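Chemist: Let me give you the structure first, and then I'll get to my questions.
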Amino acid sequence: MRNTNHFLCLLMMFSGLAIGFTPSTRAGDWPQILGPGRDGQAVDEQPLTPWDPSGPKELWAYELGQGFAGPVVARQQVIIFHRIGTSERVEAIDRKTGKRLWKTDFDASYQGTYNPDHGPRCVPLIHDQYVYLFGAAGELHCVRLSDGTPRWSRSAYEEFSGQDGYFGAGSTPIVADQKLLVNIGGSDAGLVAFDLETGKTVWKATQEAASYSSPTSATIAGQPHVFFVTRMSALSVNPRNGKVQFRFPFGQSGPTVNAATPLVFENHLFVSAAYGVGANLSRIDNQKATTVWSNDSVMSSQYSTCVYRDGHLYGTHGREDFNNGELRCVEAMTGNQKWRVADFGTAHTILVEKHLLLLNSEGQLRLANTSPSQYIELASAQISSSTTRALPAFSNGVLFLRDNNGFTGKLRSISIR
């Protein structure tokens with residue numbers, strides 16, 4: 001078992017979600033954390049086939065500074081957010097050439113405690129013609145997608161008494177009802193909605209502390225929901241006014257972290273965490289959540305988020321710092337385990353048609369079938385010798401990933417076709 005500081009360091013970069021394409025993006029884009037629907041599913045992609053024994057081809061690599069914020073993609077731009085010296089920098093990279101198109105710097109003040117990395121943790125969010133950013137010290141920014149021109153900024157943690165937690169701000173915001181919703185964790189502003197155009201406060205609600213889980217959204221039976229997993233709860237709010245529609249306990253006190261994104265499918269909400277918290281599947285009826293099953297033995301994810309296909313959940317159970325990560329397939333409505341692969345590591349999972357694209361934290365990429373009867377691996381390759389914990393993006397047959405090696409890293413473009 002590794003030390004406490006190490007296991008906490010694994011979790012500082014995970015967040016996200018919103019259902020559907022944003023108007024500025026096209027089929028095949030990956031405009032936000034976990035893709036177009038914040039559910040890990042690629043949309044309008046060609047089916048994948050196994051790569052040859054030499055592995056998938058790296059198209060280019062781009063040098064980065066500190067941070068764990070994964071990339072997003074819109075049309076020909078890959079957007080990345082990182083720390084260079086005393087600045088948090090957002091950059092647009094040409095997806096074909098790997099050359100910088102523009103960059104914008106913001107003053108950065110965050111100082112890592114549990115981990116010395118000072119960079120941003122939250123994945124950028126592309127909506128309409130703008131990019132929304134949430135820095136490690138809780139600074140919110142909006143810039144133009146076309147050229148990076150700043151539009152507005154808010155010192156959200158300073159203004160609403162947000163807490164740095166273990167690793168600074170780590171819950172990626174979401175756009176819902178033409179507002180930017182953020183889990184800030186202030187004493188009287190656990191959740192805050194900002195106007196997209198001006199950055200002005202629209203509403204604030206709850207006293208929920210912040211987590212490292214990002215929200216997601218869905219409309220169920222005509223009722224809009226934005227689902228948050230906070231430090232100690234899972235809840236739904238109405239994005240129009242911040243009214244809490246339901247809440248149930250989900251979390252543990254002490255050195256624990258909620259980091260996986262909530263997953264919504266077929267009028268059900270699935271949430272998962274390690275550290276003795278476990279997993280919960282609830283049925284959503286209007287403004288009520290009814291538990292279908294709940295336990296800590298089936299799919300307790302330290303920070304990665306499952307994908308859902310044809311009645312089954314695919315994802316990793318266990319903790320990276322305990323070296324016990326397993327890939328599992330679980331029957332969603334019963335919680336029955338169908339199969340498991342031991343010693344798999346902790347992996348991010350992307351669903352492309354009927355295939356799973358699996359990137360673990362040690363730079364190993366695997367391609368597998370979504371089969372509930374057994375694990376069927378089609379190909380594997382070592383695509384990075386550095387740590388690959390940041391959330392990847394997949395767009396038009398290309399995997400964009402960020403790796404970390406000390407205080408530097410690279411943005412890599414890998415052709416899966």
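Order determines the names: the first chain of the structure tokens is A, the second B, and so forth; residues in each chain are numbered 1 upward, and ligands are numbered 1 upward as they are shown.
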May I have the residues within 10 Å of region 403-413 of chain A as an NGL selection string, using only C-alpha atoms and disregarding those fewer than 6 positions away in the same chain?
Modeler: :A and (57-68 or 70-71 or 78 or 80 or 82-84 or 93 or 95-98 or 116-119 or 361-363 or 383-394)
Chemist: Could you please take those selected residues and save C-alpha atoms as a PDB file, in the first residue's frame?
Modeler:
```
ATOM      1  CA  LYS A  57       0.404   5.811 -35.247  1.00  0.00           C
ATOM      2  CA  GLU A  58       1.325   8.953 -33.324  1.00  0.00           C
ATOM      3  CA  LEU A  59       0.600  11.934 -35.573  1.00  0.00           C
ATOM      4  CA  TRP A  60       2.211  14.625 -33.419  1.00  0.00           C
ATOM      5  CA  ALA A  61       3.086  15.636 -29.862  1.00  0.00           C
ATOM      6  CA  TYR A  62       2.964  19.114 -28.287  1.00  0.00           C
ATOM      7  CA  GLU A  63       4.903  20.166 -25.159  1.00  0.00           C
ATOM      8  CA  LEU A  64       2.872  21.193 -22.103  1.00  0.00           C
ATOM      9  CA  GLY A  65       3.451  22.532 -18.617  1.00  0.00           C
ATOM     10  CA  GLN A  66       1.788  21.521 -15.365  1.00  0.00           C
ATOM     11  CA  GLY A  67      -1.785  20.351 -14.768  1.00  0.00           C
ATOM     12  CA  PHE A  68      -4.161  17.464 -15.333  1.00  0.00           C
ATOM     13  CA  GLY A  70      -7.649  16.833 -20.486  1.00  0.00           C
ATOM     14  CA  PRO A  71      -8.169  18.142 -24.039  1.00  0.00           C
ATOM     15  CA  VAL A  78      -7.791  20.974 -29.950  1.00  0.00           C
ATOM     16  CA  ILE A  80      -5.751  22.428 -23.884  1.00  0.00           C
ATOM     17  CA  HIS A  82      -2.108  24.067 -18.535  1.00  0.00           C
ATOM     18  CA  ARG A  83       0.266  26.009 -16.274  1.00  0.00           C
ATOM     19  CA  ILE A  84       3.406  27.768 -17.512  1.00  0.00           C
ATOM     20  CA  ILE A  93      -3.726  23.488 -31.407  1.00  0.00           C
ATOM     21  CA  ARG A  95      -5.606  19.043 -34.964  1.00  0.00           C
ATOM     22  CA  LYS A  96      -3.868  18.129 -38.228  1.00  0.00           C
ATOM     23  CA  THR A  97      -0.446  19.712 -37.774  1.00  0.00           C
ATOM     24  CA  GLY A  98      -0.006  19.999 -34.003  1.00  0.00           C
ATOM     25  CA  PRO A 116       3.362  19.955  -5.934  1.00  0.00           C
ATOM     26  CA  ASP A 117       1.719  20.270  -9.352  1.00  0.00           C
ATOM     27  CA  HIS A 118       0.196  23.763  -9.605  1.00  0.00           C
ATOM     28  CA  GLY A 119      -1.675  23.399 -12.896  1.00  0.00           C
ATOM     29  CA  SER A 361      -2.856   5.370 -16.184  1.00  0.00           C
ATOM     30  CA  GLU A 362       0.386   3.699 -17.297  1.00  0.00           C
ATOM     31  CA  GLY A 363       0.040   4.594 -20.975  1.00  0.00           C
ATOM     32  CA  ILE A 383       1.403   4.561 -26.443  1.00  0.00           C
ATOM     33  CA  SER A 384       3.127   6.571 -23.702  1.00  0.00           C
ATOM     34  CA  SER A 385       5.912   5.924 -21.213  1.00  0.00           C
ATOM     35  CA  SER A 386       4.576   8.685 -18.928  1.00  0.00           C
ATOM     36  CA  THR A 387       1.559   8.827 -16.620  1.00  0.00           C
ATOM     37  CA  THR A 388      -1.785   9.073 -18.446  1.00  0.00           C
ATOM     38  CA  ARG A 389      -4.389   9.948 -15.790  1.00  0.00           C
ATOM     39  CA  ALA A 390      -5.868  13.008 -17.530  1.00  0.00           C
ATOM     40  CA  LEU A 391      -9.135  12.391 -19.367  1.00  0.00           C
ATOM     41  CA  PRO A 392      -8.595  11.775 -23.108  1.00  0.00           C
ATOM     42  CA  ALA A 393     -10.721  12.925 -26.064  1.00  0.00           C
ATOM     43  CA  PHE A 394     -11.697  11.007 -29.214  1.00  0.00           C
TER      44      PHE A 394
END
```
Chemist: Just the residues within 6 Å of Gly315 (chain A), please, counting only C-alpha atoms, with nothing from its chain fewer than 6 positions along; format it as a list in words.
Modeler: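 Result of the neighbour search: Cys306, Leu327 and Arg328 of chain A.
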Chemist: May I have the selected residues written with C-alpha atoms, as a PDB file, in the first residue's frame?
Modeler:
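That gives us selection-v9.pdb:
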```
ATOM      1  CA  CYS A 306     -18.232   3.837 -16.601  1.00  0.00           C
ATOM      2  CA  LEU A 327     -11.985  -3.963 -15.606  1.00  0.00           C
ATOM      3  CA  ARG A 328     -15.542  -5.165 -15.043  1.00  0.00           C
TER       4      ARG A 328
END
```
Chemist: Tell me which of A:Leu269, A:Val123, A:Val192, A:Ile284 sits closest to Tyr212 (chain A), counting only C-alpha atoms.
Modeler: A:Val123
Chemist: Figure out the distance between CA of Asn336 (chain A) and CA of Asn360 (chain A), please, to one decimal in Å.
Modeler: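 Taking CA of Asn360 (chain A) as the start and CA of Asn336 (chain A) as the end point, the length is 24.0 Å.
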Chemist: Given only C-alpha atoms as the basis, pick out the residue of A:Leu313, A:Ala259, A:Val182, A:Ala221 nearest to Lys204 (chain A).
Modeler: A:Val182
Chemist: Once DSSP has gone over the backbone, tell me which residues of region 72-118 of chain A are in strand (DSSP E or B), as a PyMOL selection string.
Modeler: chain A and resi 72-74+77-84+87-94+100-107
Chemist: Generate a file of the selected residues that holds N, CA and C atoms, formatted as an mmCIF file, in the first residue's frame.
Modeler:
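File again.cif, as written:
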```
data_model
loop_
_atom_site.group_PDB
_atom_site.id
_atom_site.type_symbol
_atom_site.label_atom_id
_atom_site.label_comp_id
_atom_site.auth_asym_id
_atom_site.auth_seq_id
_atom_site.Cartn_x
_atom_site.Cartn_y
_atom_site.Cartn_z
ATOM 1 N N VAL A 72 -10.093 19.007 -25.239
ATOM 2 C CA VAL A 72 -11.383 18.951 -25.927
ATOM 3 C C VAL A 72 -11.150 19.329 -27.383
ATOM 4 N N VAL A 73 -12.127 18.993 -28.247
ATOM 5 C CA VAL A 73 -11.945 19.153 -29.687
ATOM 6 C C VAL A 73 -13.197 19.751 -30.309
ATOM 7 N N ALA A 74 -13.008 20.767 -31.149
ATOM 8 C CA ALA A 74 -14.094 21.331 -31.947
ATOM 9 C C ALA A 74 -13.548 21.661 -33.331
ATOM 10 N N GLN A 77 -9.763 22.454 -34.111
ATOM 11 C CA GLN A 77 -9.010 22.927 -32.955
ATOM 12 C C GLN A 77 -9.053 21.922 -31.810
ATOM 13 N N VAL A 78 -7.895 21.696 -31.213
ATOM 14 C CA VAL A 78 -7.791 20.974 -29.950
ATOM 15 C C VAL A 78 -7.464 22.004 -28.875
ATOM 16 N N ILE A 79 -8.297 22.097 -27.853
ATOM 17 C CA ILE A 79 -8.114 23.085 -26.793
ATOM 18 C C ILE A 79 -7.502 22.394 -25.583
ATOM 19 N N ILE A 80 -6.430 22.985 -25.055
ATOM 20 C CA ILE A 80 -5.751 22.428 -23.884
ATOM 21 C C ILE A 80 -5.480 23.546 -22.882
ATOM 22 N N PHE A 81 -5.520 23.211 -21.588
ATOM 23 C CA PHE A 81 -5.399 24.172 -20.494
ATOM 24 C C PHE A 81 -4.279 23.679 -19.584
ATOM 25 N N HIS A 82 -3.240 24.514 -19.344
ATOM 26 C CA HIS A 82 -2.108 24.067 -18.535
ATOM 27 C C HIS A 82 -1.434 25.262 -17.870
ATOM 28 N N ARG A 83 -0.420 24.971 -17.058
ATOM 29 C CA ARG A 83 0.266 26.009 -16.274
ATOM 30 C C ARG A 83 1.695 26.174 -16.781
ATOM 31 N N ILE A 84 2.058 27.407 -17.122
ATOM 32 C CA ILE A 84 3.406 27.768 -17.512
ATOM 33 C C ILE A 84 3.868 28.885 -16.582
ATOM 34 N N SER A 87 1.417 31.552 -14.938
ATOM 35 C CA SER A 87 0.202 31.734 -15.746
ATOM 36 C C SER A 87 -0.483 30.401 -16.000
ATOM 37 N N GLU A 88 -1.826 30.437 -15.984
ATOM 38 C CA GLU A 88 -2.611 29.336 -16.537
ATOM 39 C C GLU A 88 -2.895 29.691 -17.991
ATOM 40 N N ARG A 89 -2.527 28.803 -18.885
ATOM 41 C CA ARG A 89 -2.576 29.097 -20.316
ATOM 42 C C ARG A 89 -3.572 28.184 -21.018
ATOM 43 N N VAL A 90 -4.464 28.782 -21.807
ATOM 44 C CA VAL A 90 -5.330 28.017 -22.702
ATOM 45 C C VAL A 90 -4.777 28.192 -24.115
ATOM 46 N N GLU A 91 -4.679 27.083 -24.832
ATOM 47 C CA GLU A 91 -4.133 27.115 -26.183
ATOM 48 C C GLU A 91 -5.037 26.342 -27.133
ATOM 49 N N ALA A 92 -5.061 26.803 -28.371
ATOM 50 C CA ALA A 92 -5.724 26.079 -29.451
ATOM 51 C C ALA A 92 -4.631 25.504 -30.352
ATOM 52 N N ILE A 93 -4.701 24.186 -30.589
ATOM 53 C CA ILE A 93 -3.726 23.488 -31.407
ATOM 54 C C ILE A 93 -4.427 22.972 -32.659
ATOM 55 N N ASP A 94 -3.798 23.156 -33.810
ATOM 56 C CA ASP A 94 -4.346 22.629 -35.059
ATOM 57 C C ASP A 94 -4.341 21.101 -34.998
ATOM 58 N N ARG A 100 0.465 25.481 -32.839
ATOM 59 C CA ARG A 100 -0.388 26.384 -32.068
ATOM 60 C C ARG A 100 -1.072 27.399 -32.975
ATOM 61 N N LEU A 101 -2.381 27.587 -32.732
ATOM 62 C CA LEU A 101 -3.163 28.583 -33.456
ATOM 63 C C LEU A 101 -3.282 29.879 -32.654
ATOM 64 N N TRP A 102 -3.489 29.758 -31.350
ATOM 65 C CA TRP A 102 -3.521 30.928 -30.472
ATOM 66 C C TRP A 102 -3.295 30.501 -29.028
ATOM 67 N N LYS A 103 -2.983 31.444 -28.177
ATOM 68 C CA LYS A 103 -2.844 31.179 -26.746
ATOM 69 C C LYS A 103 -3.316 32.399 -25.967
ATOM 70 N N THR A 104 -3.820 32.159 -24.747
ATOM 71 C CA THR A 104 -4.220 33.229 -23.842
ATOM 72 C C THR A 104 -3.776 32.852 -22.442
ATOM 73 N N ASP A 105 -3.126 33.780 -21.741
ATOM 74 C CA ASP A 105 -2.617 33.538 -20.390
ATOM 75 C C ASP A 105 -3.438 34.292 -19.356
ATOM 76 N N PHE A 106 -3.611 33.644 -18.189
ATOM 77 C CA PHE A 106 -4.246 34.274 -17.038
ATOM 78 C C PHE A 106 -3.318 34.115 -15.832
ATOM 79 N N ASP A 107 -3.257 35.137 -14.988
ATOM 80 C CA ASP A 107 -2.447 35.041 -13.775
ATOM 81 C C ASP A 107 -2.914 33.851 -12.940
#
```
Chemist: Please report the interatomic distance between CA of Ser187 (chain A) and CA of Tyr157 (chain A) in Å with one decimal.
Modeler: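 According to the coordinates, CA of Ser187 (chain A) and CA of Tyr157 (chain A) are separated by 11.0 Å.
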Chemist: I need the alpha helix (DSSP H) residues of region 28-163 of chain A per DSSP on the backbone, written as a list in words.
Modeler: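 Residues of region 28-163 of chain A classed as alpha helix (DSSP H): Ala156, Tyr157, Glu158, Glu159 and Phe160 of chain A.
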Chemist: Where does region 201-310 of chain A meet region 368-376 of chain A within 10 Å, residue by residue, with the nearest atom pair and distance in Å to one decimal for each, counting only C-alpha atoms, listed by chain and rising number, as a tab-separated table?
Modeler:
```
residue	atom	partner	partner_atom	distance
A:Tyr308	CA	A:Thr370	CA	9.6
A:Arg309	CA	A:Thr370	CA	7.6
A:Asp310	CA	A:Thr370	CA	9.0
```
Chemist: For N, CA and C atoms, I'd like the residues from the last selection saved as an mmCIF file, in the first residue's frame.
Modeler:
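Once everything was written out, this is out-v3.cif:
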```cif
data_model
loop_
_atom_site.group_PDB
_atom_site.id
_atom_site.type_symbol
_atom_site.label_atom_id
_atom_site.label_comp_id
_atom_site.auth_asym_id
_atom_site.auth_seq_id
_atom_site.Cartn_x
_atom_site.Cartn_y
_atom_site.Cartn_z
ATOM 1 N N TYR A 308 -22.096 2.919 -20.652
ATOM 2 C CA TYR A 308 -23.280 2.055 -20.639
ATOM 3 C C TYR A 308 -23.625 1.646 -22.062
ATOM 4 N N ARG A 309 -23.872 0.338 -22.265
ATOM 5 C CA ARG A 309 -24.336 -0.142 -23.566
ATOM 6 C C ARG A 309 -25.159 -1.410 -23.391
ATOM 7 N N ASP A 310 -26.351 -1.397 -23.980
ATOM 8 C CA ASP A 310 -27.221 -2.575 -24.035
ATOM 9 C C ASP A 310 -27.400 -3.238 -22.672
#
```
Chemist: For region 163-170 of chain A, find every residue with an atom within 10 Å (counting only C-alpha atoms), except residues of its own chain fewer than 4 positions away, and show them as an MDAnalysis selection string.
Modeler: chainID A and resid 5 8:16 68:69 110:123 134:139 157:158 183:187 209:214 231 255:257 259
Chemist: Looking at A:Gly325, A:Phe228, A:Asn241, A:Gly190, which one is nearest to Phe270 (chain A), with distances taken over only C-alpha atoms?
Modeler: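 The answer is A:Phe228, which sits nearest to Phe270 (chain A).
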